[in-house]
Amino acid sequence: MDIIANGKDIILHQPDFDLDMTLDCGQAFRWERLSPVVYTGFAGKRPLTIEQRDDSTFVFKDTSMDDMAFWADYFDLERDYGSIKERFSEDEVLSRACKYGHGIRILKQDREETLLSFIISQNNNIPRIKLIISRLCALYGGFPTACEMRDADEDTLAPLKAGFRTRYLLDCIRRINSGETELDAISLMDSESAAKELMKIKGVGAKVAACTLLFGFQRLEVCPVDVWIRRVLEKCYPNGLPPCTKDFEGIAQQYLFYYFRGRDEELTP
DNA sequence: TTCCAGGCGTATC
DNA sequence: GATACGCATGGA
């Protein structure tokens with residue numbers, strides 16, 4: 001990581017990082033692509049506009065050094081994805097996926113936002129997930145905390161058009177506010193117990209729990225299995241992911257998801 | 001019109 | 001414990 005202040009902006013030189021790949025690979029739903037090289041969005045209530053100048057040069061617009069410390073953490077800039085990709089490349093399919101999505105990084109997102117977002121994601125497509133979340137943010141003026149939604153009911157959330165997921169959101173909000181679900185406590189559990197605890201929330205099954213742990217709790221060993229990854233596993237890894245993914249199955253999963261999503265012809269026998 | 005989407009709850013066996 | 005089916009919504 002190489003950071004230089006430049007007036008109100010920060011210039012970052014960083015390998016293994018690409019905005020399109022990281023912000024549009026289905027892990028975060030609140031980044032808007034203003035142009036092929038400029039994204040704007042939020043982490044929590046903190047705004048950012050970021051521009052990619054070339055393979056490894058990024059401009060964080062109107063960003064202080066203090067803010068930059070936050071963003072460096074959010075974008076997981078300290079982690080050496082190069083060495084992780086090198087390990088993964090022992091495997092032929094993963095090698096291709098890593099080349100294709102070479103600039104993917106796993107974001108360190110807010111826990112509540114990740115949990116609520118992936119409750120919305122179930123049996124849904126990415127454009128509509130983004131739409132529902134944007135309507136939620138419009139309703140509350142930014143992505144709301146569970147506390148801010150404590151008085152919400154079916155009618156409050158009707159404008160989201162989230163369908164059957166609305167009552168799942170409400171159960172999640174209720175449980176967090178009542179203390180039945182404690183994200184701080186969950187963050188201290190091993191991943192298996194944490195998933196089990198998250199799954200006490202209506203609408204949270206194995207997949208949503210796994211996404212929450214991977215993207216919201218930095219459990220990089222947790223591998224969410226959705227319809228796409230299920231197809232990849234059936235076609236390429238009938239005996240499970242290879243040993244070179246150990247401890248980072250979640251990251252491997254994300255390279256595979258980005259590479260195979262939408263490629264029906266590569267996944268149908 | 002029918003099928004599908006970063007699934008899950010419920011009924012049934 | 002495994003499997004089958006319904007579920008809101010909207011784009012293809």
# chains A, B, ... in the order shown; residues from 1 in each chain; ligands from 1
call {"tool": "interface_residues", "arguments": {"of": "chain C", "to": "chain A", "cutoff": "10 Å", "atoms": "only C-alpha atoms (C1' of nucleotides)", "output": "list in words"}}
result
DC7, DA8, DT9, DG10 and DG11 of chain C
call {"tool": "interface_residues", "arguments": {"of": "chain A", "to": "chain B", "cutoff": "12 Å", "atoms": "only C-alpha atoms (C1' of nucleotides)", "output": "VMD selection string"}}
result
chain A and resid 25 to 29 117 to 129 164 to 165 167 to 168 199 201 to 212 223 to 230 253 to 254 257 to 258 261 to 262
call {"tool": "select_by_dssp", "arguments": {"residues": "segment 79-249 of chain A", "states": "alpha helix (DSSP H)", "output": "VMD selection string"}}
result
chain A and resid 81 to 88 92 to 100 111 to 120 126 to 140 154 to 157 166 to 178 183 to 186 191 to 198 206 to 216 227 to 236 249
